[in-house]
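Asker: Contents of protein_21.txt (compact mmCIF, C-alpha atoms and all ligand atoms) are given next:
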```txt
# COMPACT_ATOMS: atom_id res chain seq x y z
CA MET A 59 -39.32 -29.80 38.26
CA THR A 60 -41.26 -26.77 39.57
CA ASN A 61 -42.10 -26.59 43.26
CA PRO A 62 -43.34 -24.03 45.78
CA LEU A 63 -39.78 -22.82 46.34
CA ASN A 64 -39.24 -21.99 42.68
CA LEU A 65 -36.14 -24.15 42.79
CA ASP A 66 -35.21 -25.88 39.59
CA LEU A 67 -34.90 -29.40 41.00
CA PRO A 68 -34.18 -32.46 38.85
CA ASN A 69 -36.45 -35.48 38.55
CA LYS A 70 -33.41 -37.74 39.09
CA TYR A 71 -30.19 -37.37 41.08
CA SER A 72 -27.31 -39.05 39.29
CA SER A 73 -24.22 -37.82 41.13
CA LEU A 74 -23.26 -37.46 44.79
CA GLU A 75 -22.15 -33.91 44.10
CA GLU A 76 -25.64 -33.07 42.87
CA THR A 77 -27.25 -34.32 46.09
CA LEU A 78 -25.03 -32.01 48.16
CA ASN A 79 -25.51 -29.03 45.85
CA TYR A 80 -29.30 -29.39 45.91
CA ALA A 81 -29.36 -29.91 49.68
CA GLU A 82 -27.46 -26.63 49.97
CA LYS A 83 -29.90 -24.83 47.66
CA ILE A 84 -32.95 -26.16 49.53
CA LEU A 85 -31.58 -25.20 52.94
CA MET A 86 -30.42 -21.75 51.80
CA VAL A 87 -33.90 -20.99 50.42
CA ALA A 88 -35.55 -22.45 53.55
CA VAL A 89 -34.05 -19.74 55.79
CA ASP A 90 -36.37 -17.08 54.37
CA ASP A 91 -39.08 -19.16 52.71
CA THR A 92 -41.78 -20.27 55.14
CA LYS A 93 -43.47 -22.37 52.42
CA THR A 94 -40.92 -25.18 52.67
CA LEU A 95 -41.02 -27.53 55.63
CA PHE A 96 -37.24 -27.19 55.76
CA HIS A 97 -37.89 -23.76 57.28
CA THR A 98 -38.93 -25.59 60.44
CA PRO A 99 -36.81 -28.73 60.86
CA VAL A 100 -36.83 -30.98 63.91
CA VAL A 101 -33.88 -30.51 66.26
CA SER A 102 -33.07 -33.28 68.76
CA SER A 103 -31.04 -33.21 71.94
CA PHE A 104 -30.13 -35.61 74.72
CA ASN A 105 -31.61 -35.07 78.16
CA ASN A 106 -29.39 -37.51 80.04
CA ASP A 107 -30.19 -40.76 78.20
CA GLU A 108 -33.51 -39.62 76.71
CA ILE A 109 -33.92 -38.01 73.30
CA TYR A 110 -35.96 -34.78 73.13
CA SER A 111 -37.10 -33.41 69.77
CA ARG A 112 -38.76 -30.17 68.78
CA VAL A 113 -39.49 -28.03 65.73
CA MET A 114 -37.35 -24.90 65.36
CA VAL A 115 -37.08 -22.13 62.79
CA LEU A 116 -33.95 -22.34 60.65
CA ARG A 117 -32.33 -18.88 60.77
CA GLU A 118 -29.14 -19.46 58.80
CA PHE A 119 -27.45 -22.19 56.79
CA SER A 120 -23.88 -22.32 55.53
CA LEU A 121 -22.46 -25.39 53.81
CA LYS A 122 -19.00 -23.80 53.65
CA ASP A 123 -18.94 -23.48 57.46
CA ARG A 124 -21.16 -26.57 57.93
CA LYS A 125 -23.37 -24.52 60.19
CA MET A 126 -27.03 -23.90 61.02
CA ARG A 127 -28.30 -21.17 63.35
CA PHE A 128 -31.36 -21.40 65.59
CA HIS A 129 -32.80 -18.96 68.13
CA THR A 130 -34.32 -19.89 71.45
CA ASP A 131 -35.22 -18.67 74.93
CA TYR A 132 -32.23 -18.96 77.23
CA ARG A 133 -34.55 -20.39 79.90
CA ALA A 134 -35.64 -23.31 77.63
CA ALA A 135 -34.79 -26.86 78.67
CA LYS A 136 -32.83 -27.53 75.49
CA VAL A 137 -30.19 -24.92 76.36
CA ASP A 138 -29.37 -26.94 79.43
CA HIS A 139 -29.40 -30.18 77.39
CA PHE A 140 -26.88 -28.84 74.86
CA ASN A 141 -24.66 -27.37 77.58
CA LYS A 142 -24.42 -30.86 79.11
CA ILE A 143 -24.35 -32.99 75.92
CA SER A 144 -23.67 -31.09 72.71
CA THR A 145 -24.66 -33.99 70.40
CA ALA A 146 -27.51 -32.97 68.10
CA SER A 147 -29.49 -34.17 65.12
CA VAL A 148 -31.51 -32.05 62.69
CA VAL A 149 -34.01 -33.53 60.23
CA GLY A 150 -36.49 -32.10 57.75
CA TYR A 151 -38.77 -33.50 55.05
CA ASP A 152 -40.82 -31.73 52.45
CA PRO A 153 -43.46 -33.87 50.68
CA GLU A 154 -43.62 -31.39 47.79
CA LEU A 155 -39.93 -31.98 47.11
CA LYS A 156 -39.99 -35.63 48.23
CA ILE A 157 -36.66 -34.96 49.92
CA GLN A 158 -35.49 -35.66 53.47
CA ILE A 159 -32.30 -34.01 54.73
CA LYS A 160 -30.80 -35.34 57.98
CA LEU A 161 -27.74 -33.92 59.70
CA GLN A 162 -25.65 -35.07 62.67
CA GLY A 163 -23.40 -32.80 64.69
CA ASP A 164 -23.00 -30.69 67.81
CA ILE A 165 -24.71 -27.59 69.13
CA SER A 166 -22.98 -24.77 70.98
CA THR A 167 -25.11 -22.36 72.98
CA HIS A 168 -24.59 -18.60 73.00
CA TYR A 169 -25.75 -16.02 75.51
CA ASP A 170 -25.01 -12.29 75.53
CA ASP A 171 -21.98 -12.48 73.25
CA GLU A 172 -21.06 -11.29 69.73
CA VAL A 173 -23.13 -14.09 68.15
CA THR A 174 -26.32 -13.24 70.07
CA LYS A 175 -25.84 -9.48 69.58
CA ILE A 176 -25.65 -9.80 65.79
CA ALA A 177 -28.58 -12.26 65.66
CA TRP A 178 -30.71 -10.02 67.93
CA ASP A 179 -29.95 -6.88 65.92
CA ASN A 180 -31.02 -8.68 62.73
CA SER A 181 -34.28 -9.99 64.26
CA THR A 182 -37.65 -8.41 63.63
CA SER A 183 -39.69 -6.89 66.49
CA ARG A 184 -42.17 -9.72 65.97
CA SER A 185 -39.49 -12.34 66.64
CA LYS A 186 -38.03 -10.37 69.54
CA LYS A 187 -41.42 -10.16 71.25
CA CYS A 188 -41.43 -13.91 72.14
CA TYR A 189 -38.51 -13.40 74.49
CA SER A 190 -40.50 -11.03 76.71
CA VAL A 191 -42.70 -13.82 78.05
CA LYS A 192 -42.46 -13.87 81.84
CA ASP A 193 -40.96 -16.79 83.79
CA GLY A 194 -39.63 -18.60 80.75
CA SER A 195 -40.33 -21.69 78.71
CA SER A 196 -41.66 -24.97 80.18
CA LYS A 197 -42.87 -23.73 83.57
CA ALA A 198 -46.14 -25.41 84.64
CA ILE A 199 -48.90 -22.79 84.85
CA THR A 200 -52.62 -22.76 85.71
CA ASN A 201 -53.86 -20.01 83.39
CA PRO A 202 -52.19 -19.54 79.96
CA GLU A 203 -53.85 -16.12 79.56
CA ASP A 204 -51.69 -14.77 82.37
CA TYR A 205 -48.74 -15.44 80.07
CA ASP A 206 -50.02 -13.73 76.91
CA ILE A 207 -47.42 -11.11 76.01
CA LYS A 208 -49.18 -7.72 76.29
CA ASP A 209 -47.24 -4.87 77.88
CA PHE A 210 -43.64 -5.30 76.98
CA GLU A 211 -40.55 -3.38 76.01
CA VAL A 212 -39.20 -5.29 72.99
CA GLU A 213 -35.50 -4.79 73.79
CA GLU A 214 -36.02 -6.24 77.29
CA GLY A 215 -36.31 -9.65 75.65
CA TYR A 216 -32.59 -9.71 74.86
CA LYS A 217 -31.79 -10.88 78.40
CA ASN A 218 -33.70 -14.11 77.60
CA PHE A 219 -32.33 -14.56 74.09
CA SER A 220 -30.01 -17.39 73.14
CA VAL A 221 -28.52 -18.62 69.86
CA LEU A 222 -27.81 -22.27 69.08
CA ILE A 223 -25.08 -22.94 66.53
CA PHE A 224 -25.28 -26.41 65.02
CA THR A 225 -22.06 -27.60 63.37
CA PHE A 226 -22.66 -30.74 61.34
CA THR A 227 -20.29 -33.57 60.51
CA SER A 228 -22.66 -35.46 58.24
CA LEU A 229 -25.50 -34.64 55.86
CA GLU A 230 -27.76 -37.33 54.43
CA PHE A 231 -29.93 -36.67 51.39
CA LEU A 232 -32.87 -39.00 50.74
CA TYR A 233 -35.12 -38.75 47.69
CA LEU A 234 -38.01 -41.18 47.56
CA LYS A 235 -39.70 -41.21 44.21
CA SER A 236 -40.88 -43.92 41.83
CA SER A 237 -38.43 -42.62 39.19
CA GLY A 238 -35.62 -43.96 41.47
CA HIS A 239 -34.98 -43.75 45.21
CA ARG A 240 -31.65 -42.10 46.00
CA ARG A 241 -29.87 -41.90 49.33
CA ALA A 242 -26.48 -40.20 49.71
CA ILE A 243 -24.31 -39.58 52.77
CA HIS A 244 -21.74 -36.79 53.00
CA ASN A 245 -19.27 -37.02 55.87
CA TRP A 246 -16.76 -34.52 57.21
CA ASN A 247 -15.32 -36.69 59.98
CA GLY A 248 -11.73 -35.97 59.00
CA GLU A 249 -11.34 -35.98 55.21
CA TYR A 250 -14.58 -35.30 53.32
CA GLU A 251 -16.15 -38.53 52.03
CA ALA A 252 -19.41 -39.26 50.23
CA SER A 253 -21.22 -42.45 49.32
CA TRP A 254 -24.51 -43.74 48.00
CA LEU A 255 -26.52 -45.81 50.51
CA ILE A 256 -29.30 -48.29 49.90
CA PRO A 257 -32.43 -46.20 50.52
C1 LIG B 1 -43.62 -23.87 63.71
C2 LIG B 1 -42.83 -23.86 65.00
C3 LIG B 1 -41.67 -23.14 65.08
C4 LIG B 1 -40.94 -23.11 66.28
N1 LIG B 1 -39.75 -22.42 66.31
C5 LIG B 1 -39.03 -22.41 67.46
C6 LIG B 1 -37.77 -21.75 67.49
O1 LIG B 1 -37.28 -21.19 66.51
N2 LIG B 1 -37.10 -21.76 68.67
C7 LIG B 1 -37.58 -22.40 69.78
O2 LIG B 1 -36.90 -22.38 70.81
N3 LIG B 1 -38.75 -23.04 69.77
C8 LIG B 1 -39.49 -23.07 68.63
N4 LIG B 1 -40.69 -23.73 68.60
C9 LIG B 1 -41.19 -24.35 69.84
C10 LIG B 1 -40.44 -25.66 70.09
O3 LIG B 1 -40.90 -26.63 69.18
C11 LIG B 1 -40.58 -26.15 71.55
O4 LIG B 1 -41.92 -26.43 71.83
C12 LIG B 1 -40.06 -25.16 72.58
O5 LIG B 1 -38.89 -24.52 72.12
C13 LIG B 1 -39.75 -25.85 73.91
O6 LIG B 1 -38.78 -26.83 73.67
P1 LIG B 1 -37.86 -27.49 74.80
O7 LIG B 1 -38.75 -27.71 76.01
O8 LIG B 1 -37.39 -28.74 74.20
O9 LIG B 1 -36.74 -26.54 75.11
C14 LIG B 1 -41.42 -23.81 67.42
C15 LIG B 1 -42.58 -24.56 67.31
C16 LIG B 1 -43.28 -24.59 66.13
C17 LIG B 1 -44.53 -25.43 66.06
```
If you convert what's in this file into structure tokens, what do you get?
Ligand SMILES: Cc1cc2nc3c(=O)[nH]c(=O)nc-3n(C[C@H](O)[C@H](O)[C@H](O)COP(=O)(O)O)c2cc1C
Answerer:
Amino acid sequence: MTNPLNLDLPNKYSSLEETLNYAEKILMVAVDDTKTLFHTPVVSSFNNDEIYSRVMVLREFSLKDRKMRFHTDYRAAKVDHFNKISTASVVGYDPELKIQIKLQGDISTHYDDEVTKIAWDNSTSRSKKCYSVKDGSSKAITNPEDYDIKDFEVEEGYKNFSVLIFTFTSLEFLYLKSSGHRRAIHNWNGEYEASWLIP
């Protein structure tokens, strides 16, 4: 099956192994390919007993390490959420692929350490620019124009830069198509286990 990602995806998924292998391919491609909606999955956190969700750019995916990397402003509310309750959920769906991938796990936050240094050094000036916004994310303001980023020194943004590392313990693959709905769960809570689920 051809698709905007130029991934050779099957029309049917007949083994659990296949669902994991294709999830890996899709998420690896999604890191650099802005055409797939998996490039911008939804990341959810707990704020006390309320769930907060937001779209974030996927910066890295590794199935071997069961890891995703996201970048954010250290002053953002979610950094505080994950420092208090690390539980996280990440979900993406691409209608072109007809595939949803949902992951459960924990997020660790990084600030001015080896992880943030490497991620910052590998970021483009365009990405770095966002971190130069004054006062930081979520502050109530009267005039948005006052917060347009104009005069800035790009490297100054590093002091506001944070990396979120999501380590997942489960990955669910859901394919909804008339040729046959398929839902598979892969779990790494202890020994790796996988199973089909009723879609
Ligand atoms: C397409 C798109 C990509 C985004 N990427 C990021 C991102 O990579 N990191 C980030 O912190 N916020 C990103 N945002 C903004 C978040 O969705 C959110 O509004 C912001 O981070 C504040 O979230 P919080 O108040 O829950 O911390 C993105 C929004 C959109 C629409």
Asker: In terms of the shortest atom-to-atom distance over only C-alpha atoms, which of A:Leu161, A:Ile256, A:Leu74, A:Ile143 is closest to Leu229 (chain A)?
Answerer: A:Leu161
Asker: For His129 (chain A), which residue out of A:Ser220, A:Leu95, A:Pro257, A:Ile176 is the nearest one, using all atoms listed in the file?
Answerer: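 Nearest candidate to His129 (chain A) out of A:Ser220, A:Leu95, A:Pro257, A:Ile176: A:Ser220.
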Asker: Could you give me, as a PyMOL selection string, every polymer residue with an atom at most 9 Å away from an atom of ligand LIG 1 (chain B), counting all atoms listed in the file?
Answerer: chain A and resi 97-103+110-117+128-139+195-196+220
Asker: For Gly238 (chain A), which residue among A:Asn218, A:Lys156, A:Ile199, A:Lys142 is the nearest when counting only C-alpha atoms?
Answerer: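 Counting only C-alpha atoms, the residue closest to Gly238 (chain A) is A:Lys156.
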Asker: I'd like the interatomic distance between CA of Asn247 (chain A) and CA of Leu121 (chain A), to a tenth of an Å.
Answerer: 14.7 Å
Asker: Please report the interatomic distance between CA of Met126 (chain A) and CA of Ile223 (chain A) in Å with one decimal.
Answerer: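 About the pair CA of Met126 (chain A) and CA of Ile223 (chain A): they are 5.9 Å apart.
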Asker: With all atoms listed in the file as the basis for distance, which of A:Asp123, A:Asp107, A:Asp193, A:Val148 is at the shortest distance from Lys160 (chain A)?
Answerer: A:Val148
Asker: Near Glu172 (chain A), counting all atoms listed in the file, which residues have an atom at most 12 Å away, once you skip same-chain residues fewer than 6 positions from it, shown as a VMD selection string?
Answerer: chain A and resid 178 to 179 220 to 221
Asker: Could you dump the residues just selected with C-alpha atoms as a PDB file, in the frame of the given file?
Answerer:
```pdb
ATOM      1  CA  TRP A 178     -30.710 -10.020  67.930  1.00  0.00           C
ATOM      2  CA  ASP A 179     -29.950  -6.880  65.920  1.00  0.00           C
ATOM      3  CA  SER A 220     -30.010 -17.390  73.140  1.00  0.00           C
ATOM      4  CA  VAL A 221     -28.520 -18.620  69.860  1.00  0.00           C
TER       5      VAL A 221
END
```
Asker: If we count all atoms listed in the file, what is near Glu249 (chain A) at a cut-off of 12 Å, once residues fewer than 5 positions away on the same chain are taken out, given as a PyMOL selection string?
Answerer: chain A and resi 227-228+244
Asker: May I ask which of the residues A:Phe219, A:Phe231, A:Tyr205, A:Phe140 is the closest one to Glu76 (chain A), counting only C-alpha atoms?
Answerer: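 Ranking A:Phe219, A:Phe231, A:Tyr205, A:Phe140 by distance to Glu76 (chain A), first place goes to A:Phe231.
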Asker: So how far away is CA of Lys122 (chain A) from CA of Gln158 (chain A), in Å?
Answerer: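 Separation between CA of Gln158 (chain A) and CA of Lys122 (chain A): 20.3 Å.
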Asker: Got a sec: who's within 9 Å of Lys217 (chain A), counting all atoms listed in the file, leaving out chain neighbours fewer than 4 positions off, as a PDB file with C-alpha atoms, keeping the file's coordinate frame?
Answerer:
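Generated file (around.pdb):
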```
ATOM      1  CA  TYR A 132     -32.230 -18.960  77.230  1.00  0.00           C
ATOM      2  CA  TYR A 169     -25.750 -16.020  75.510  1.00  0.00           C
ATOM      3  CA  ASP A 170     -25.010 -12.290  75.530  1.00  0.00           C
ATOM      4  CA  TYR A 189     -38.510 -13.400  74.490  1.00  0.00           C
ATOM      5  CA  SER A 190     -40.500 -11.030  76.710  1.00  0.00           C
ATOM      6  CA  GLU A 213     -35.500  -4.790  73.790  1.00  0.00           C
TER       7      GLU A 213
END
```
